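Participant: Structure provided below as structure tokens; questions to follow.
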Amino acid sequence: MLDEAKYIWQDGKLVDWKDAKTHVLTHSLHYGNATFEGTRAYKTDKGLAIFRLEDHTRRLLNSAKILAIECPYSFEEINKAHIDLLKANMECYTENVYIRPLIFLGYGVMGLYHANAPVNMIIAAWNWGAYLGEDGIKNGIRVKTSSFVRNSVKSMMGKAKASANYLNSQMAKYEATQCGFDEALLLDDNGFIAEGSGECFFIVKDGELVTPPHANSLESITQDTVLKIANDLGIKVIERKITRDEVYTADEAFFTGTAAEVTPVRELDFRIIGAGKRGEMTRKLQDAFFEVVSGKNPKYNKFLTYVN
């Protein structure tokens, strides 16, 4: 269950959490055309700070444009709404905070033509720890290659963080967990590694960091952060296609994402990856990532929006 806060920002105002409601005939509920973000705010020595807020807001608005949704709020208004919400809920936050802005089509019309539907927006934020578990962060998780193929660029628009795209992710995640695994790994329609159900994917091989290109998938903000950190640490980074069997013989593997942060993969399809635990390069990148988001690396302070 969600750790409820006091308020949700809804269509320009703060409303009580329990009163943030919408109609059962809301257009996006029936047809899936909506866009959202996953953003985190971290506890720092200077108070709560939202990580890469502007980048998340920019991607949210870009997604809306791709989906032909005209957002009624500006870039500046959305950024301010995030800050206002966290300030109003500050007493509720006892740990790091997950933030979910959502732009969706509301009540008023029905049918596939969506342009006449009203556009609504909410932002909610609540306490949420490690998405794949604290043990997973430290010791790694077990992953299954999914029977579901990642949405093809020929049929869906992968540059939009669209709600409809995540049915694919839900089914992959459900299949993996029902089979006793922690997470799913999806291939693209050519059989190469695409990403997790909600994460980007990396392997380490012979001292090099390798990640698939995102030519037909969402441009990941956390992946970009990890690539910048790797460059700082002098790690050679290669963006290229990866096959599933190449992962089996990798020295290390890990997922990245706003929710997943940096989560090691210790096993794929019953094959132990490397030593079967968090690898040394993964640990270095993980430690450096948490220093960045917690405000302990001055070089990356530009990525932090302090709430207080």
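Naming scheme: A, B, ... for chains in displayed order of the structure tokens; residues 1 onward per chain; ligands 1 onward as shown.
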Taking the backbone alone, and naming residues the way the document does, which bits of segment 210-248 of chain A are alpha helix (DSSP H) by DSSP, as a PyMOL selection string?
Facilitator: chain A and resi 221-232+244-248
Participant: Restricting it to C-alpha atoms, dump the selection as a compact mmCIF listing (two decimals), in the first residue's frame.
Facilitator:
# COMPACT_ATOMS: atom_id res chain seq x y z
CA ILE A 221 17.60 10.32 -17.06
CA THR A 222 19.16 7.89 -14.56
CA GLN A 223 21.06 6.12 -17.34
CA ASP A 224 22.43 9.49 -18.42
CA THR A 225 23.49 10.22 -14.85
CA VAL A 226 25.32 6.89 -14.55
CA LEU A 227 27.09 7.47 -17.86
CA LYS A 228 28.29 10.87 -16.63
CA ILE A 229 29.52 9.32 -13.38
CA ALA A 230 31.32 6.54 -15.29
CA ASN A 231 33.11 9.18 -17.35
CA ASP A 232 34.21 10.92 -14.12
CA ARG A 244 21.05 -12.40 -24.13
CA ASP A 245 23.79 -15.04 -24.10
CA GLU A 246 26.42 -12.31 -23.80
CA VAL A 247 24.82 -11.33 -20.48
CA TYR A 248 25.25 -14.89 -19.19
Participant: Write out as number ranges by chain each polymer residue whose atoms come within 9 Å of His114 of chain A, counting only C-alpha atoms; drop sequence neighbours fewer than 3 positions from it.
Facilitator: A: 27, 33, 68-69, 105, 109-111, 117-118
Participant: As a ChimeraX atom specification, please: every residue in segment 29-128 of chain A that a backbone DSSP assignment puts in strand (DSSP E).
Facilitator: /A:34-36,39-44,47-51,97-105,119-127
Participant: Using only C-alpha atoms, determine which residues lie at most 12 Å from Gly198 of chain A, disregarding the query and same-chain residues fewer than 4 positions distant; provide the list as a short mmCIF file (atom, residue, chain, number, x, y, z; two decimals) with N, CA, C and O atoms, in the first residue's frame.
Facilitator:
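selection03.cif was written with the following content:
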data_model
loop_
_atom_site.label_atom_id
_atom_site.label_comp_id
_atom_site.auth_asym_id
_atom_site.auth_seq_id
_atom_site.Cartn_x
_atom_site.Cartn_y
_atom_site.Cartn_z
N GLU A 37 5.70 10.77 -15.15
CA GLU A 37 7.11 10.74 -14.81
C GLU A 37 7.30 10.03 -13.48
O GLU A 37 6.36 9.95 -12.67
N GLY A 38 8.48 9.52 -13.27
CA GLY A 38 8.90 9.06 -11.96
C GLY A 38 10.09 9.91 -11.56
O GLY A 38 11.10 9.92 -12.25
N TYR A 131 12.96 0.34 -4.84
CA TYR A 131 11.91 -0.26 -5.66
C TYR A 131 12.05 -1.78 -5.73
O TYR A 131 11.07 -2.52 -5.66
N LEU A 132 13.27 -2.25 -5.89
CA LEU A 132 13.52 -3.69 -6.00
C LEU A 132 14.08 -4.28 -4.70
O LEU A 132 14.63 -5.37 -4.69
N ARG A 150 9.76 -6.16 -26.14
CA ARG A 150 9.58 -4.73 -25.90
C ARG A 150 8.82 -4.11 -27.07
O ARG A 150 9.00 -4.48 -28.22
N LYS A 161 6.94 8.73 -22.52
CA LYS A 161 6.70 7.91 -21.32
C LYS A 161 5.18 7.82 -21.18
O LYS A 161 4.55 8.49 -20.35
N SER A 163 1.49 6.03 -20.66
CA SER A 163 0.89 5.01 -19.80
C SER A 163 0.61 3.73 -20.57
O SER A 163 0.84 2.62 -20.07
N ASN A 165 2.15 2.35 -22.94
CA ASN A 165 3.35 1.54 -23.20
C ASN A 165 3.62 0.55 -22.07
O ASN A 165 4.28 -0.47 -22.27
N TYR A 166 3.11 0.83 -20.89
CA TYR A 166 3.48 0.06 -19.72
C TYR A 166 2.62 -1.18 -19.49
O TYR A 166 2.88 -1.94 -18.56
N LEU A 167 1.63 -1.41 -20.33
CA LEU A 167 0.96 -2.72 -20.28
C LEU A 167 1.96 -3.81 -20.63
O LEU A 167 1.98 -4.88 -20.01
N ASN A 168 2.80 -3.54 -21.61
CA ASN A 168 3.88 -4.45 -21.98
C ASN A 168 4.77 -4.75 -20.77
O ASN A 168 5.10 -5.92 -20.48
N SER A 169 5.12 -3.72 -20.03
CA SER A 169 5.96 -3.88 -18.85
C SER A 169 5.25 -4.66 -17.74
O SER A 169 5.86 -5.49 -17.06
N GLN A 170 3.97 -4.36 -17.55
CA GLN A 170 3.20 -5.05 -16.51
C GLN A 170 3.17 -6.55 -16.75
O GLN A 170 3.36 -7.35 -15.82
N MET A 171 2.91 -6.95 -17.99
CA MET A 171 2.81 -8.37 -18.30
C MET A 171 4.15 -9.06 -18.14
O MET A 171 4.24 -10.20 -17.66
N ALA A 172 5.22 -8.37 -18.53
CA ALA A 172 6.56 -8.94 -18.37
C ALA A 172 6.91 -9.09 -16.89
O ALA A 172 7.45 -10.12 -16.46
N LYS A 173 6.60 -8.07 -16.10
CA LYS A 173 6.87 -8.11 -14.66
C LYS A 173 6.06 -9.21 -13.99
O LYS A 173 6.58 -9.96 -13.15
N GLU A 183 12.58 -9.57 -11.37
CA GLU A 183 12.38 -8.60 -12.45
C GLU A 183 12.49 -9.29 -13.80
O GLU A 183 13.01 -10.42 -13.89
N ALA A 184 11.99 -8.61 -14.83
CA ALA A 184 12.04 -9.13 -16.19
C ALA A 184 13.06 -8.35 -17.02
O ALA A 184 13.30 -7.16 -16.78
N LEU A 185 13.64 -9.01 -18.00
CA LEU A 185 14.50 -8.39 -19.00
C LEU A 185 13.85 -8.63 -20.35
O LEU A 185 13.57 -9.78 -20.72
N LEU A 186 13.59 -7.55 -21.09
CA LEU A 186 12.89 -7.67 -22.37
C LEU A 186 13.85 -7.50 -23.53
O LEU A 186 14.77 -6.66 -23.49
N ALA A 194 16.73 -5.05 -24.76
CA ALA A 194 16.15 -3.71 -24.81
C ALA A 194 16.31 -3.03 -23.46
O ALA A 194 17.10 -2.10 -23.31
N SER A 217 13.74 3.61 -27.72
CA SER A 217 13.18 3.52 -26.38
C SER A 217 13.32 4.86 -25.66
O SER A 217 13.94 5.80 -26.17
N LEU A 218 12.73 4.95 -24.49
CA LEU A 218 12.75 6.16 -23.69
C LEU A 218 14.18 6.57 -23.36
O LEU A 218 15.02 5.74 -23.05
N SER A 220 16.61 7.72 -20.95
CA SER A 220 16.60 7.58 -19.49
C SER A 220 17.45 8.65 -18.82
O SER A 220 18.62 8.85 -19.18
N THR A 222 18.22 8.57 -15.47
CA THR A 222 19.16 7.89 -14.56
C THR A 222 20.30 7.25 -15.34
O THR A 222 21.46 7.30 -14.91
N GLN A 223 20.00 6.67 -16.50
CA GLN A 223 21.06 6.12 -17.34
C GLN A 223 22.06 7.21 -17.71
O GLN A 223 23.28 7.01 -17.64
N PHE A 255 20.73 -2.86 -13.28
CA PHE A 255 19.66 -2.01 -13.80
C PHE A 255 19.85 -0.60 -13.26
O PHE A 255 20.39 -0.39 -12.17
N THR A 256 19.34 0.38 -14.02
CA THR A 256 19.25 1.75 -13.52
C THR A 256 17.86 2.30 -13.83
O THR A 256 17.23 1.94 -14.82
N GLY A 257 17.40 3.20 -12.97
CA GLY A 257 16.11 3.86 -13.17
C GLY A 257 15.80 4.74 -11.97
O GLY A 257 16.40 4.57 -10.90
N THR A 258 14.87 5.66 -12.12
CA THR A 258 14.51 6.53 -11.01
C THR A 258 14.06 5.70 -9.81
O THR A 258 14.46 5.94 -8.67
N ALA A 259 13.19 4.71 -10.06
CA ALA A 259 12.73 3.86 -8.96
C ALA A 259 13.80 2.86 -8.56
O ALA A 259 14.10 2.69 -7.37
N ALA A 260 14.41 2.20 -9.54
CA ALA A 260 15.40 1.15 -9.26
C ALA A 260 16.74 1.70 -8.80
O ALA A 260 17.54 0.97 -8.20
N GLU A 261 17.02 2.98 -9.10
CA GLU A 261 18.31 3.61 -8.81
C GLU A 261 19.41 2.80 -9.50
O GLU A 261 19.43 2.70 -10.72
#
Participant: For the interface of segment 33-93 of chain A with segment 291-304 of chain A (cut-off 8 Å, counting only C-alpha atoms), please tabulate each contacting residue of segment 33-93 of chain A alongside its nearest pair of atoms and their separation in Å to one decimal, rows sorted by chain and increasing number, as a tab-separated table.
Facilitator:
residue	atom	partner	partner_atom	distance
A:Tyr42	CA	A:Ser294	CA	6.0
A:Lys43	CA	A:Ser294	CA	6.3
A:Thr44	CA	A:Ser294	CA	4.9
A:Asp45	CA	A:Gly295	CA	7.4
A:Ala49	CA	A:Leu304	CA	5.6
A:Ile50	CA	A:Leu304	CA	5.6
A:Phe51	CA	A:Leu304	CA	4.9
A:Arg52	CA	A:Phe303	CA	4.7
A:Leu53	CA	A:Leu304	CA	7.5
Participant: For the residues in the current selection, export N, CA, C and O atoms as an mmCIF file, in the first residue's frame.
Facilitator:
data_model
loop_
_atom_site.group_PDB
_atom_site.id
_atom_site.type_symbol
_atom_site.label_atom_id
_atom_site.label_comp_id
_atom_site.auth_asym_id
_atom_site.auth_seq_id
_atom_site.Cartn_x
_atom_site.Cartn_y
_atom_site.Cartn_z
ATOM 1 N N TYR A 42 15.532 13.482 -2.537
ATOM 2 C CA TYR A 42 16.399 12.815 -1.569
ATOM 3 C C TYR A 42 16.677 13.715 -0.376
ATOM 4 O O TYR A 42 16.751 14.946 -0.498
ATOM 5 N N LYS A 43 16.847 13.081 0.780
ATOM 6 C CA LYS A 43 17.281 13.785 1.970
ATOM 7 C C LYS A 43 18.754 14.167 1.815
ATOM 8 O O LYS A 43 19.593 13.326 1.485
ATOM 9 N N THR A 44 19.074 15.444 2.037
ATOM 10 C CA THR A 44 20.450 15.925 1.978
ATOM 11 C C THR A 44 20.742 16.740 3.240
ATOM 12 O O THR A 44 19.845 17.017 4.037
ATOM 13 N N ASP A 45 21.993 17.162 3.374
ATOM 14 C CA ASP A 45 22.359 17.991 4.521
ATOM 15 C C ASP A 45 21.668 19.346 4.474
ATOM 16 O O ASP A 45 21.582 20.038 5.499
ATOM 17 N N ALA A 49 15.759 17.493 -1.536
ATOM 18 C CA ALA A 49 16.128 18.028 -2.852
ATOM 19 C C ALA A 49 15.602 17.108 -3.948
ATOM 20 O O ALA A 49 15.797 15.889 -3.891
ATOM 21 N N ILE A 50 14.954 17.693 -4.932
ATOM 22 C CA ILE A 50 14.441 16.932 -6.070
ATOM 23 C C ILE A 50 15.572 16.747 -7.076
ATOM 24 O O ILE A 50 16.259 17.709 -7.446
ATOM 25 N N PHE A 51 15.771 15.509 -7.520
ATOM 26 C CA PHE A 51 16.873 15.206 -8.428
ATOM 27 C C PHE A 51 16.439 15.357 -9.878
ATOM 28 O O PHE A 51 15.484 14.736 -10.322
ATOM 29 N N ARG A 52 17.119 16.229 -10.586
ATOM 30 C CA ARG A 52 16.928 16.488 -12.026
ATOM 31 C C ARG A 52 15.464 16.816 -12.349
ATOM 32 O O ARG A 52 14.891 16.306 -13.323
ATOM 33 N N LEU A 53 14.893 17.688 -11.546
ATOM 34 C CA LEU A 53 13.498 18.088 -11.736
ATOM 35 C C LEU A 53 13.257 18.643 -13.130
ATOM 36 O O LEU A 53 12.284 18.265 -13.800
#
Participant: For Leu2 of chain A, find every residue with an atom within 10 Å (counting only C-alpha atoms), except residues of its own chain fewer than 6 positions away, and show them as a PyMOL selection string.
Facilitator: chain A and resi 125-128
Participant: With N, CA, C and O atoms retained, could you export that selection as an mmCIF file, in the first residue's frame?
Facilitator:
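To be explicit, this is the file written out as result_29.cif:
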data_model
loop_
_atom_site.group_PDB
_atom_site.id
_atom_site.type_symbol
_atom_site.label_atom_id
_atom_site.label_comp_id
_atom_site.auth_asym_id
_atom_site.auth_seq_id
_atom_site.Cartn_x
_atom_site.Cartn_y
_atom_site.Cartn_z
ATOM 1 N N ALA A 125 3.222 12.652 -4.226
ATOM 2 C CA ALA A 125 4.561 12.335 -3.719
ATOM 3 C C ALA A 125 4.439 11.639 -2.370
ATOM 4 O O ALA A 125 3.690 12.095 -1.502
ATOM 5 N N TRP A 126 5.183 10.550 -2.219
ATOM 6 C CA TRP A 126 5.073 9.765 -0.987
ATOM 7 C C TRP A 126 6.403 9.098 -0.650
ATOM 8 O O TRP A 126 7.298 8.996 -1.498
ATOM 9 N N ASN A 127 6.531 8.652 0.594
ATOM 10 C CA ASN A 127 7.714 7.885 1.001
ATOM 11 C C ASN A 127 7.776 6.586 0.205
ATOM 12 O O ASN A 127 6.796 5.842 0.144
ATOM 13 N N TRP A 128 8.946 6.315 -0.386
ATOM 14 C CA TRP A 128 9.104 5.055 -1.113
ATOM 15 C C TRP A 128 10.584 4.709 -1.152
ATOM 16 O O TRP A 128 11.388 5.456 -1.700
#
Participant: Find the spatial neighbours of segment 88-102 of chain A, counting only C-alpha atoms, within a cut-off of 9 Å - ignore same-chain residues fewer than 2 positions away - and output them as a PyMOL selection string.
Facilitator: chain A and resi 4-9+14+34-43+48+50+57+60+78+82-86+104+120-129+258-259
Participant: Suppose we keep N, CA and C atoms; can you now write the selection as a CSV table (one decimal), in the first residue's frame?
Facilitator:
chain,number,residue,atom,x,y,z
A,4,GLU,N,0.6,7.2,2.4
A,4,GLU,CA,-0.2,8.4,2.0
A,4,GLU,C,0.4,9.6,2.6
A,5,ALA,N,0.5,10.7,1.8
A,5,ALA,CA,0.9,12.0,2.4
A,5,ALA,C,-0.4,12.8,2.6
A,6,LYS,N,-0.3,14.1,2.9
A,6,LYS,CA,-1.4,14.9,3.3
A,6,LYS,C,-2.2,15.4,2.0
A,7,TYR,N,-1.3,15.9,1.1
A,7,TYR,CA,-1.9,16.6,-0.1
A,7,TYR,C,-1.5,15.9,-1.4
A,8,ILE,N,-2.3,16.1,-2.4
A,8,ILE,CA,-1.9,15.9,-3.8
A,8,ILE,C,-2.2,17.2,-4.6
A,9,TRP,N,-1.3,17.5,-5.5
A,9,TRP,CA,-1.5,18.7,-6.4
A,9,TRP,C,-2.4,18.2,-7.5
A,14,LEU,N,-3.8,22.4,-4.3
A,14,LEU,CA,-3.5,21.3,-3.3
A,14,LEU,C,-4.9,20.8,-2.8
A,34,ALA,N,-2.0,8.8,-21.8
A,34,ALA,CA,-1.6,9.6,-20.7
A,34,ALA,C,-0.1,9.5,-20.6
A,35,THR,N,0.5,10.5,-20.0
A,35,THR,CA,2.0,10.5,-19.8
A,35,THR,C,2.3,10.8,-18.3
A,36,PHE,N,3.4,10.2,-17.8
A,36,PHE,CA,3.7,10.4,-16.5
A,36,PHE,C,5.2,10.4,-16.3
A,37,GLU,N,5.7,10.8,-15.2
A,37,GLU,CA,7.1,10.7,-14.8
A,37,GLU,C,7.3,10.0,-13.5
A,38,GLY,N,8.5,9.5,-13.3
A,38,GLY,CA,8.9,9.1,-12.0
A,38,GLY,C,10.1,9.9,-11.6
A,39,THR,N,10.0,10.6,-10.5
A,39,THR,CA,11.0,11.6,-10.0
A,39,THR,C,11.3,11.3,-8.6
A,40,ARG,N,12.5,11.5,-8.1
A,40,ARG,CA,12.8,11.3,-6.7
A,40,ARG,C,13.3,12.6,-6.0
A,41,ALA,N,13.0,12.7,-4.8
A,41,ALA,CA,13.6,13.7,-3.9
A,41,ALA,C,14.3,13.0,-2.8
A,42,TYR,N,15.5,13.5,-2.5
A,42,TYR,CA,16.4,12.8,-1.6
A,42,TYR,C,16.7,13.7,-0.4
A,43,LYS,N,16.8,13.1,0.8
A,43,LYS,CA,17.3,13.8,2.0
A,43,LYS,C,18.8,14.2,1.8
A,48,LEU,N,15.4,18.5,1.9
A,48,LEU,CA,14.9,17.6,0.8
A,48,LEU,C,15.3,18.3,-0.6
A,50,ILE,N,15.0,17.7,-4.9
A,50,ILE,CA,14.4,16.9,-6.1
A,50,ILE,C,15.6,16.7,-7.1
A,57,THR,N,10.6,17.3,-15.9
A,57,THR,CA,9.5,18.1,-16.4
A,57,THR,C,9.6,18.2,-17.9
A,60,LEU,N,8.4,15.1,-19.5
A,60,LEU,CA,7.0,15.0,-19.4
A,60,LEU,C,6.3,15.8,-20.5
A,78,ILE,N,4.9,23.7,-13.7
A,78,ILE,CA,5.0,22.3,-13.2
A,78,ILE,C,6.1,22.2,-12.2
A,82,HIS,N,5.7,21.0,-8.2
A,82,HIS,CA,6.5,20.0,-7.4
A,82,HIS,C,6.9,20.5,-6.1
A,83,ILE,N,7.5,21.7,-6.1
A,83,ILE,CA,8.1,22.3,-4.9
A,83,ILE,C,7.0,22.6,-3.9
A,84,ASP,N,5.9,23.2,-4.4
A,84,ASP,CA,4.8,23.6,-3.5
A,84,ASP,C,4.2,22.3,-2.8
A,85,LEU,N,4.1,21.2,-3.6
A,85,LEU,CA,3.5,20.0,-3.0
A,85,LEU,C,4.5,19.4,-1.9
A,86,LEU,N,5.7,19.4,-2.2
A,86,LEU,CA,6.6,18.8,-1.2
A,86,LEU,C,6.7,19.7,0.1
A,104,PHE,N,-3.2,13.6,-18.1
A,104,PHE,CA,-4.2,12.6,-18.6
A,104,PHE,C,-5.4,13.3,-19.2
A,120,ASN,N,-6.2,17.0,-17.8
A,120,ASN,CA,-6.0,17.1,-16.4
A,120,ASN,C,-4.6,16.8,-16.0
A,121,MET,N,-4.2,17.2,-14.8
A,121,MET,CA,-2.9,16.9,-14.3
A,121,MET,C,-2.9,16.8,-12.8
A,122,ILE,N,-2.1,15.8,-12.3
A,122,ILE,CA,-1.9,15.6,-10.9
A,122,ILE,C,-0.4,15.4,-10.6
A,123,ILE,N,0.0,15.8,-9.4
A,123,ILE,CA,1.3,15.4,-8.9
A,123,ILE,C,1.1,14.8,-7.5
A,124,ALA,N,1.6,13.6,-7.3
A,124,ALA,CA,1.6,13.0,-5.9
A,124,ALA,C,3.0,12.7,-5.5
A,125,ALA,N,3.2,12.7,-4.2
A,125,ALA,CA,4.6,12.3,-3.7
A,125,ALA,C,4.4,11.6,-2.4
A,126,TRP,N,5.2,10.5,-2.2
A,126,TRP,CA,5.1,9.8,-1.0
A,126,TRP,C,6.4,9.1,-0.7
A,127,ASN,N,6.5,8.7,0.6
A,127,ASN,CA,7.7,7.9,1.0
A,127,ASN,C,7.8,6.6,0.2
A,128,TRP,N,8.9,6.3,-0.4
A,128,TRP,CA,9.1,5.1,-1.1
A,128,TRP,C,10.6,4.7,-1.2
A,129,GLY,N,10.9,3.6,-0.6
A,129,GLY,CA,12.3,3.2,-0.5
A,129,GLY,C,12.8,2.5,-1.8
A,258,THR,N,14.9,5.7,-12.1
A,258,THR,CA,14.5,6.5,-11.0
A,258,THR,C,14.1,5.7,-9.8
A,259,ALA,N,13.2,4.7,-10.1
A,259,ALA,CA,12.7,3.9,-9.0
A,259,ALA,C,13.8,2.9,-8.6
Participant: With distances taken over only C-alpha atoms, which residue among A:Phe148, A:Phe290, A:Phe192, A:Trp17 lies nearest Glu175 of chain A?
Facilitator: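 The closest residue to Glu175 of chain A is A:Phe148.
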Participant: Taking into account only C-alpha atoms, which residue in the set A:Val204, A:Met156, A:Ala176, A:Ala130 is nearest to Val262 of chain A?
Facilitator: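 Closest to Val262 of chain A of all the choices is A:Ala130.
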